[in-house]
Amino acid sequence: MCGRFALRLGHDEIARAPVRGRGALPNDWIDQDRFLPRYNIAPRTYAPVVRRREPGTGTGPTDDSSSLVLHTMRWGLVPHWAKVEDRTLSTTNARSEALVEGGGIWGSVRARKRCAVICQGYYEWLTKGKNKIPHFTRHKDGQLMLMAGLYDSVVLEGGTEPLWTFSIVTTAANSEFSWLHERQPVILSTRVALDSWLDTSKQTWDPSLARLLRPFSDDQAPLECYQVPLEVGKVGTESPTFIQPVSQRKDGIQAMFSKQKLQRPTAPGGSAARKFIKTEAAVKQEHLPAVAVIDLSDEYDQETREGEHEATSLAGGKRKRSSSIIDTSEGFQKQDRDTIEDVEQKAPPRTPKKHKSHPPNNPTSGSKSPVKSRARKVAPGSSPARGSGKITAFFGTSRA
């Protein structure tokens with residue numbers, strides 16, 4: 001299918017730009033002011049098409065029905081027999097199989113109202129799981145692309161001016177692009193193909209036109225396809241980066257790695273800072289958008305290196321670490337000592353030893369504990385109470 005395309009060239013640029021299969025576009029342009037150049041043309045947006053001039057229109061310097069004319073129309077065909085616009089009707093694309101069969105809405109326009117839609121290229125979304133990744137397809141030489149289309153005009157109820165609308169014809173994707181989507185637009189890449197498609201002089205459907213609706217195959221007009229930013233999926237957004245490969249954007253992967261070469265800090269000894277940054281080859285291999293890669297090299301400082309040293313595994317047995325790191329998981333407190341030992345496997349929690357109770361220092365007072373007894377002041381020149389020396393020594397040893 002084709003649900004979005006780009007034509008950001010100005011009116012004068014379009015007239016001068018080389019067109020694959022045509023050489024140059026016609027000078028006459030109907031409703032030129034309705035066209036606004038865009039990188040992101042969506043359905044219900046106005047865009048120029050090439051068609052044969054209709055007899056008796058009196059538009060332009062001549063009234064020759066064999067001459068070509070540019071005409072700005074709205075994307076999404078509304079048939080001439082409609083009284084009101086039915087927005088539930090999907091006419092953004094016309095399947096080539098339906099044209100060949102000649103039934104339905106396309107049977108009344110396939111013989112007399114064929115056109116070619118002008119673009120720089122078209123967008124298609126690659127489905128990967130729940131994600132849809134946009135890609136842009138264009139002619140490799142950069143020339144404008146012409147896609148086969150159908151058009152019609154109608155004056156709706158309550159209106160006075162005709163509404164001109166168009167659809168883009170799609171066909172099965174060729175083997176080169178089937179990985180992207182099962183459908184692709186019919187591309188008119190030669191002068192013969194373009195003239196045949198736009199020749200409506202017979203006012204009938206020629207079965208030979210079915211040959212033009214086959215999957216694209218033209219070695220003289222190769223196509224290229226590449227991933228573009230996700231933002232193009234939102235209707236109304238505009239940016240020149242939408243038609244540029246993600247890998248070549250000024251804010252993309254090449255610019256990022258060039259910046260790293262100039263600014264990447266080095267660790268002591270001249271070795272590169274830790275491998276926080278994926279290599280360009282790894283990113284391309286994973287088919288990830290380059291903007292998803294984050295440069296963490298500026299965060300690599302002395303404090304970070306100490307944190308990494310602390311976080312590394314202890315495989316191989318015991319090792320020493322800086323005492324400035326507080327290990328709250330083991331209940332340690334920050335102490336003014338040089339090193340502490342950390343064991344690979346956490347030791348079972350220790351239970352406090354049960355100490356033998358000692359008789360109180362004063363037999364007449366059973367409410368005072370040995371600890372408080374130890375803390376009593378002793379008068380100068382007198383000896384401590386009996387038993388207090390042992391208690392002091394015992395608790396002094398246990399706290400060491």
# chains A, B, ... in the order shown; residues from 1 in each chain; ligands from 1
call {"tool": "closest_atom_pairs", "arguments": {"of": "stretch 187-206 of chain A", "to": "stretch 19-43 of chain A", "cutoff": "7 Å", "atoms": "only C-alpha atoms", "output": "CSV"}}
result
residue,atom,partner,partner_atom,distance
A:Leu188,CA,A:Gly21,CA,6.8
A:Ser189,CA,A:Gly21,CA,4.8
A:Thr190,CA,A:Gly21,CA,3.8
A:Arg191,CA,A:Gly21,CA,4.3
A:Leu194,CA,A:Gly21,CA,6.7
call {"tool": "write_last_selection", "arguments": {"atoms": "N, CA, C and O atoms", "output": "PDB file, in the first residue's frame"}}
result
ATOM      1  N   LEU A 188       5.647   4.269 -12.616  1.00  0.00           N
ATOM      2  CA  LEU A 188       5.802   4.460 -14.063  1.00  0.00           C
ATOM      3  C   LEU A 188       7.180   5.059 -14.296  1.00  0.00           C
ATOM      4  O   LEU A 188       7.378   6.271 -14.199  1.00  0.00           O
ATOM      5  N   SER A 189       8.161   4.213 -14.602  1.00  0.00           N
ATOM      6  CA  SER A 189       9.562   4.647 -14.653  1.00  0.00           C
ATOM      7  C   SER A 189      10.072   4.897 -16.066  1.00  0.00           C
ATOM      8  O   SER A 189      11.217   5.336 -16.230  1.00  0.00           O
ATOM      9  N   THR A 190       9.273   4.634 -17.093  1.00  0.00           N
ATOM     10  CA  THR A 190       9.709   4.859 -18.481  1.00  0.00           C
ATOM     11  C   THR A 190       8.716   5.766 -19.201  1.00  0.00           C
ATOM     12  O   THR A 190       7.548   5.883 -18.808  1.00  0.00           O
ATOM     13  N   ARG A 191       9.181   6.373 -20.290  1.00  0.00           N
ATOM     14  CA  ARG A 191       8.298   7.247 -21.074  1.00  0.00           C
ATOM     15  C   ARG A 191       7.172   6.442 -21.723  1.00  0.00           C
ATOM     16  O   ARG A 191       6.016   6.903 -21.795  1.00  0.00           O
ATOM     17  N   LEU A 194       4.528   5.688 -19.077  1.00  0.00           N
ATOM     18  CA  LEU A 194       3.765   6.879 -18.716  1.00  0.00           C
ATOM     19  C   LEU A 194       2.776   7.261 -19.813  1.00  0.00           C
ATOM     20  O   LEU A 194       1.597   7.542 -19.535  1.00  0.00           O
TER      21      LEU A 194
END
call {"tool": "select_by_dssp", "arguments": {"residues": "stretch 28-275 of chain A", "states": "strand (DSSP E)", "output": "PyMOL selection string"}}
result
chain A and resi 29-30+38-41+46-52+68-75+93-95+114-119+121-128+131-139+145-154+163-172+183-185+223-227
call {"tool": "residues_around", "arguments": {"residues": "stretch 225-234 of chain A", "least_positions_apart": "2", "cutoff": "9 Å", "atoms": "only C-alpha atoms", "output": "ChimeraX atom specification"}}
result
/A:4,39-40,123,125,132-140,177,223,236-239,241-247,289
call {"tool": "residues_around", "arguments": {"residues": "A:Asn174", "least_positions_apart": "6", "cutoff": "9 Å", "atoms": "only C-alpha atoms", "output": "VMD selection string"}}
result
chain A and resid 182 to 184 214 to 217
call {"tool": "write_last_selection", "arguments": {"atoms": "all heavy atoms", "output": "tab-separated table (two decimals), in the first residue's frame"}}
result
chain	number	residue	atom	x	y	z
A	182	GLU	N	3.78	-6.24	1.75
A	182	GLU	CA	3.30	-7.09	0.66
A	182	GLU	C	2.80	-6.30	-0.54
A	182	GLU	O	2.61	-6.87	-1.61
A	182	GLU	CB	2.17	-8.00	1.17
A	182	GLU	CG	0.96	-7.24	1.68
A	182	GLU	CD	-0.13	-8.15	2.18
A	182	GLU	OE1	0.11	-9.36	2.24
A	182	GLU	OE2	-1.22	-7.64	2.51
A	183	ARG	N	2.59	-4.98	-0.37
A	183	ARG	CA	2.11	-4.13	-1.46
A	183	ARG	C	3.08	-2.98	-1.70
A	183	ARG	O	3.84	-2.59	-0.80
A	183	ARG	CB	0.73	-3.56	-1.15
A	183	ARG	CG	-0.32	-4.56	-0.75
A	183	ARG	CD	-0.79	-5.41	-1.91
A	183	ARG	NE	-1.50	-4.62	-2.94
A	183	ARG	CZ	-2.03	-5.16	-4.02
A	183	ARG	NH1	-1.92	-6.48	-4.23
A	183	ARG	NH2	-2.65	-4.42	-4.91
A	184	GLN	N	3.03	-2.41	-2.90
A	184	GLN	CA	3.77	-1.21	-3.22
A	184	GLN	C	3.06	-0.49	-4.36
A	184	GLN	O	2.28	-1.11	-5.11
A	184	GLN	CB	5.22	-1.53	-3.62
A	184	GLN	CG	5.38	-2.27	-4.92
A	184	GLN	CD	6.85	-2.50	-5.28
A	184	GLN	OE1	7.15	-3.42	-6.03
A	184	GLN	NE2	7.76	-1.71	-4.75
A	214	ARG	N	2.11	-4.77	-13.08
A	214	ARG	CA	2.90	-5.85	-12.48
A	214	ARG	C	3.87	-5.28	-11.44
A	214	ARG	O	4.15	-4.07	-11.42
A	214	ARG	CB	3.68	-6.58	-13.56
A	214	ARG	CG	2.80	-7.31	-14.58
A	214	ARG	CD	3.63	-7.86	-15.72
A	214	ARG	NE	2.80	-8.55	-16.71
A	214	ARG	CZ	3.25	-8.97	-17.89
A	214	ARG	NH1	4.54	-8.78	-18.21
A	214	ARG	NH2	2.43	-9.59	-18.72
A	215	PRO	N	4.41	-6.12	-10.55
A	215	PRO	CA	5.41	-5.65	-9.58
A	215	PRO	C	6.56	-4.95	-10.27
A	215	PRO	O	6.96	-5.31	-11.38
A	215	PRO	CB	5.87	-6.94	-8.88
A	215	PRO	CG	4.68	-7.86	-9.00
A	215	PRO	CD	4.06	-7.55	-10.33
A	216	PHE	N	7.08	-3.93	-9.63
A	216	PHE	CA	8.10	-3.07	-10.24
A	216	PHE	C	9.34	-3.86	-10.62
A	216	PHE	O	9.87	-4.65	-9.84
A	216	PHE	CB	8.48	-1.94	-9.29
A	216	PHE	CG	9.53	-1.02	-9.84
A	216	PHE	CD1	9.19	-0.06	-10.77
A	216	PHE	CD2	10.84	-1.11	-9.42
A	216	PHE	CE1	10.15	0.80	-11.28
A	216	PHE	CE2	11.81	-0.26	-9.91
A	216	PHE	CZ	11.47	0.70	-10.86
A	217	SER	N	9.82	-3.59	-11.85
A	217	SER	CA	11.05	-4.22	-12.33
A	217	SER	C	11.64	-3.34	-13.42
A	217	SER	O	11.13	-3.29	-14.54
A	217	SER	CB	10.75	-5.63	-12.88
A	217	SER	OG	11.92	-6.22	-13.40
call {"tool": "residues_around", "arguments": {"residues": "A:Asp86", "least_positions_apart": "6", "cutoff": "12 Å", "atoms": "only C-alpha atoms", "output": "PyMOL selection string"}}
result
chain A and resi 76-79+156
call {"tool": "write_last_selection", "arguments": {"atoms": "C-alpha atoms", "output": "short mmCIF file (atom, residue, chain, number, x, y, z; two decimals), in the first residue's frame"}}
result
data_model
loop_
_atom_site.label_atom_id
_atom_site.label_comp_id
_atom_site.auth_asym_id
_atom_site.auth_seq_id
_atom_site.Cartn_x
_atom_site.Cartn_y
_atom_site.Cartn_z
CA GLY A 76 -8.76 10.09 -1.52
CA LEU A 77 -11.07 9.61 -4.50
CA VAL A 78 -14.72 10.66 -4.27
CA PRO A 79 -16.69 9.19 -7.22
CA LEU A 156 -21.45 17.54 -3.85
#
call {"tool": "residues_around", "arguments": {"residues": "A:Val49", "least_positions_apart": "2", "cutoff": "7 Å", "atoms": "only C-alpha atoms", "output": "JSON, numbers by chain"}}
result
{"A": [47, 51, 70, 71, 72, 115, 116, 117, 118]}
call {"tool": "write_last_selection", "arguments": {"atoms": "C-alpha atoms", "output": "tab-separated table (two decimals), in the first residue's frame"}}
result
chain	number	residue	atom	x	y	z
A	47	ALA	CA	-0.97	17.26	-4.12
A	51	ARG	CA	-3.29	14.03	-16.46
A	70	LEU	CA	-0.62	19.52	-13.85
A	71	HIS	CA	-3.61	19.59	-11.54
A	72	THR	CA	-3.71	19.90	-7.76
A	115	CYS	CA	-3.28	10.12	-13.90
A	116	ALA	CA	0.27	10.00	-12.49
A	117	VAL	CA	1.03	11.19	-8.94
A	118	ILE	CA	4.26	13.15	-8.51
call {"tool": "closest_residue", "arguments": {"among": "A:Ala173, A:Val186, A:Ala111, A:Cys119", "to": "A:Gly149", "atoms": "only C-alpha atoms"}}
result
A:Val186
call {"tool": "select_by_dssp", "arguments": {"residues": "stretch 21-117 of chain A", "states": "helix (DSSP H, G or I)", "output": "list in words"}}
result
Gln32, Asp33, Arg34, Ser96, Glu97, Ala98, Leu99, Val100, Glu101, Gly104, Ile105, Trp106, Gly107 and Ser108 of chain A
call {"tool": "write_last_selection", "arguments": {"atoms": "N, CA, C and O atoms", "output": "compact mmCIF listing (two decimals), in the first residue's frame"}}
result
# COMPACT_ATOMS: atom_id res chain seq x y z
N GLN A 32 -2.80 25.65 -8.82
CA GLN A 32 -1.44 25.57 -8.30
C GLN A 32 -1.35 26.06 -6.85
O GLN A 32 -0.60 25.51 -6.03
N ASP A 33 -2.12 27.09 -6.52
CA ASP A 33 -2.04 27.68 -5.18
C ASP A 33 -2.56 26.74 -4.08
O ASP A 33 -2.30 26.98 -2.89
N ARG A 34 -3.27 25.71 -4.46
CA ARG A 34 -3.78 24.77 -3.45
C ARG A 34 -2.69 23.85 -2.90
O ARG A 34 -2.85 23.25 -1.84
N SER A 96 -4.64 -3.02 -7.96
CA SER A 96 -4.53 -3.33 -9.39
C SER A 96 -5.42 -4.49 -9.78
O SER A 96 -5.96 -4.53 -10.90
N GLU A 97 -5.60 -5.45 -8.88
CA GLU A 97 -6.46 -6.60 -9.18
C GLU A 97 -7.90 -6.16 -9.44
O GLU A 97 -8.58 -6.70 -10.32
N ALA A 98 -8.36 -5.15 -8.69
CA ALA A 98 -9.72 -4.64 -8.88
C ALA A 98 -9.85 -3.90 -10.21
O ALA A 98 -10.91 -3.94 -10.85
N LEU A 99 -8.79 -3.25 -10.64
CA LEU A 99 -8.83 -2.56 -11.93
C LEU A 99 -8.95 -3.55 -13.07
O LEU A 99 -9.72 -3.33 -14.02
N VAL A 100 -8.19 -4.60 -13.01
CA VAL A 100 -8.22 -5.60 -14.08
C VAL A 100 -9.60 -6.25 -14.15
O VAL A 100 -10.15 -6.48 -15.24
N GLU A 101 -10.20 -6.53 -13.01
CA GLU A 101 -11.54 -7.13 -12.99
C GLU A 101 -12.60 -6.15 -13.46
O GLU A 101 -13.61 -6.56 -14.05
N GLY A 104 -16.83 -2.64 -9.19
CA GLY A 104 -16.81 -1.70 -8.07
C GLY A 104 -16.64 -0.26 -8.50
O GLY A 104 -16.95 0.14 -9.62
N ILE A 105 -16.09 0.51 -7.59
CA ILE A 105 -15.97 1.93 -7.78
C ILE A 105 -15.00 2.29 -8.90
O ILE A 105 -15.12 3.35 -9.53
N TRP A 106 -14.03 1.40 -9.18
CA TRP A 106 -12.98 1.72 -10.14
C TRP A 106 -13.41 1.47 -11.58
O TRP A 106 -12.77 1.97 -12.50
N GLY A 107 -14.46 0.73 -11.78
CA GLY A 107 -14.89 0.42 -13.15
C GLY A 107 -15.30 1.64 -13.95
O GLY A 107 -15.15 1.66 -15.19
N SER A 108 -15.79 2.68 -13.28
CA SER A 108 -16.28 3.86 -14.00
C SER A 108 -15.18 4.88 -14.30
O SER A 108 -15.41 5.83 -15.06
call {"tool": "closest_residue", "arguments": {"among": "A:Met73, A:Gly121, A:Trp205, A:Arg87", "to": "A:Leu7", "atoms": "only C-alpha atoms"}}
result
A:Gly121
call {"tool": "decode", "arguments": {"residues": "stretch 42-125 of chain A", "atoms": "C-alpha atoms", "output": "mmCIF file, in the first residue's frame"}}
result
data_model
loop_
_atom_site.group_PDB
_atom_site.id
_atom_site.type_symbol
_atom_site.label_atom_id
_atom_site.label_comp_id
_atom_site.auth_asym_id
_atom_site.auth_seq_id
_atom_site.Cartn_x
_atom_site.Cartn_y
_atom_site.Cartn_z
ATOM 1 C CA ALA A 42 -1.133 12.239 4.099
ATOM 2 C CA PRO A 43 -4.602 11.290 2.809
ATOM 3 C CA ARG A 44 -7.011 14.227 2.416
ATOM 4 C CA THR A 45 -4.039 16.460 1.592
ATOM 5 C CA TYR A 46 -3.738 18.309 -1.722
ATOM 6 C CA ALA A 47 -0.966 17.261 -4.121
ATOM 7 C CA PRO A 48 -0.264 17.669 -7.866
ATOM 8 C CA VAL A 49 -0.932 14.958 -10.458
ATOM 9 C CA VAL A 50 -0.298 14.759 -14.212
ATOM 10 C CA ARG A 51 -3.290 14.025 -16.462
ATOM 11 C CA ARG A 52 -4.565 14.517 -19.991
ATOM 12 C CA ARG A 53 -6.453 17.704 -20.586
ATOM 13 C CA GLU A 54 -10.186 17.056 -20.797
ATOM 14 C CA PRO A 55 -11.913 18.162 -24.024
ATOM 15 C CA GLY A 56 -13.802 21.438 -23.809
ATOM 16 C CA THR A 57 -12.220 22.577 -20.560
ATOM 17 C CA GLY A 58 -10.716 25.674 -22.155
ATOM 18 C CA THR A 59 -7.854 25.637 -19.617
ATOM 19 C CA GLY A 60 -4.436 26.836 -20.697
ATOM 20 C CA PRO A 61 -3.177 28.262 -23.981
ATOM 21 C CA THR A 62 -4.657 25.373 -25.969
ATOM 22 C CA ASP A 63 -7.666 23.117 -25.728
ATOM 23 C CA ASP A 64 -5.926 20.056 -27.110
ATOM 24 C CA SER A 65 -7.112 16.960 -25.221
ATOM 25 C CA SER A 66 -3.860 15.177 -26.109
ATOM 26 C CA SER A 67 -1.732 17.647 -24.090
ATOM 27 C CA LEU A 68 -0.771 17.124 -20.485
ATOM 28 C CA VAL A 69 -1.503 19.365 -17.553
ATOM 29 C CA LEU A 70 -0.619 19.520 -13.854
ATOM 30 C CA HIS A 71 -3.614 19.588 -11.544
ATOM 31 C CA THR A 72 -3.709 19.899 -7.757
ATOM 32 C CA MET A 73 -6.199 17.404 -6.312
ATOM 33 C CA ARG A 74 -7.085 16.017 -2.910
ATOM 34 C CA TRP A 75 -5.870 12.537 -1.996
ATOM 35 C CA GLY A 76 -8.761 10.093 -1.519
ATOM 36 C CA LEU A 77 -11.074 9.608 -4.496
ATOM 37 C CA VAL A 78 -14.722 10.663 -4.268
ATOM 38 C CA PRO A 79 -16.694 9.190 -7.216
ATOM 39 C CA HIS A 80 -18.614 11.483 -9.577
ATOM 40 C CA TRP A 81 -21.961 9.880 -8.705
ATOM 41 C CA ALA A 82 -21.659 10.613 -4.953
ATOM 42 C CA LYS A 83 -24.071 13.164 -3.473
ATOM 43 C CA VAL A 84 -22.211 13.483 -0.190
ATOM 44 C CA GLU A 85 -18.701 12.551 0.822
ATOM 45 C CA ASP A 86 -18.579 9.176 2.553
ATOM 46 C CA ARG A 87 -15.540 9.255 4.805
ATOM 47 C CA THR A 88 -15.922 5.586 5.694
ATOM 48 C CA LEU A 89 -15.103 4.701 2.089
ATOM 49 C CA SER A 90 -11.405 3.799 1.756
ATOM 50 C CA THR A 91 -10.184 5.178 -1.562
ATOM 51 C CA THR A 92 -6.617 6.162 -0.672
ATOM 52 C CA ASN A 93 -5.355 3.230 -2.755
ATOM 53 C CA ALA A 94 -6.833 1.294 -5.680
ATOM 54 C CA ARG A 95 -5.765 -2.339 -5.934
ATOM 55 C CA SER A 96 -4.528 -3.326 -9.385
ATOM 56 C CA GLU A 97 -6.459 -6.597 -9.183
ATOM 57 C CA ALA A 98 -9.720 -4.641 -8.877
ATOM 58 C CA LEU A 99 -8.828 -2.556 -11.932
ATOM 59 C CA VAL A 100 -8.222 -5.605 -14.083
ATOM 60 C CA GLU A 101 -11.539 -7.134 -12.989
ATOM 61 C CA GLY A 102 -13.296 -3.834 -13.701
ATOM 62 C CA GLY A 103 -15.865 -4.005 -10.916
ATOM 63 C CA GLY A 104 -16.813 -1.700 -8.074
ATOM 64 C CA ILE A 105 -15.966 1.935 -7.782
ATOM 65 C CA TRP A 106 -12.984 1.724 -10.139
ATOM 66 C CA GLY A 107 -14.887 0.419 -13.149
ATOM 67 C CA SER A 108 -16.279 3.865 -13.997
ATOM 68 C CA VAL A 109 -12.915 5.705 -13.960
ATOM 69 C CA ARG A 110 -10.272 3.206 -15.100
ATOM 70 C CA ALA A 111 -10.918 3.871 -18.813
ATOM 71 C CA ARG A 112 -11.218 7.666 -18.890
ATOM 72 C CA LYS A 113 -9.601 9.134 -15.796
ATOM 73 C CA ARG A 114 -6.068 7.931 -15.270
ATOM 74 C CA CYS A 115 -3.281 10.115 -13.895
ATOM 75 C CA ALA A 116 0.269 10.001 -12.488
ATOM 76 C CA VAL A 117 1.025 11.188 -8.941
ATOM 77 C CA ILE A 118 4.264 13.147 -8.507
ATOM 78 C CA CYS A 119 6.508 12.541 -5.483
ATOM 79 C CA GLN A 120 10.091 12.418 -4.270
ATOM 80 C CA GLY A 121 9.393 9.024 -2.732
ATOM 81 C CA TYR A 122 6.893 7.176 -0.572
ATOM 82 C CA TYR A 123 6.828 5.880 2.999
ATOM 83 C CA GLU A 124 6.114 2.362 4.154
ATOM 84 C CA TRP A 125 6.125 0.859 7.654
#
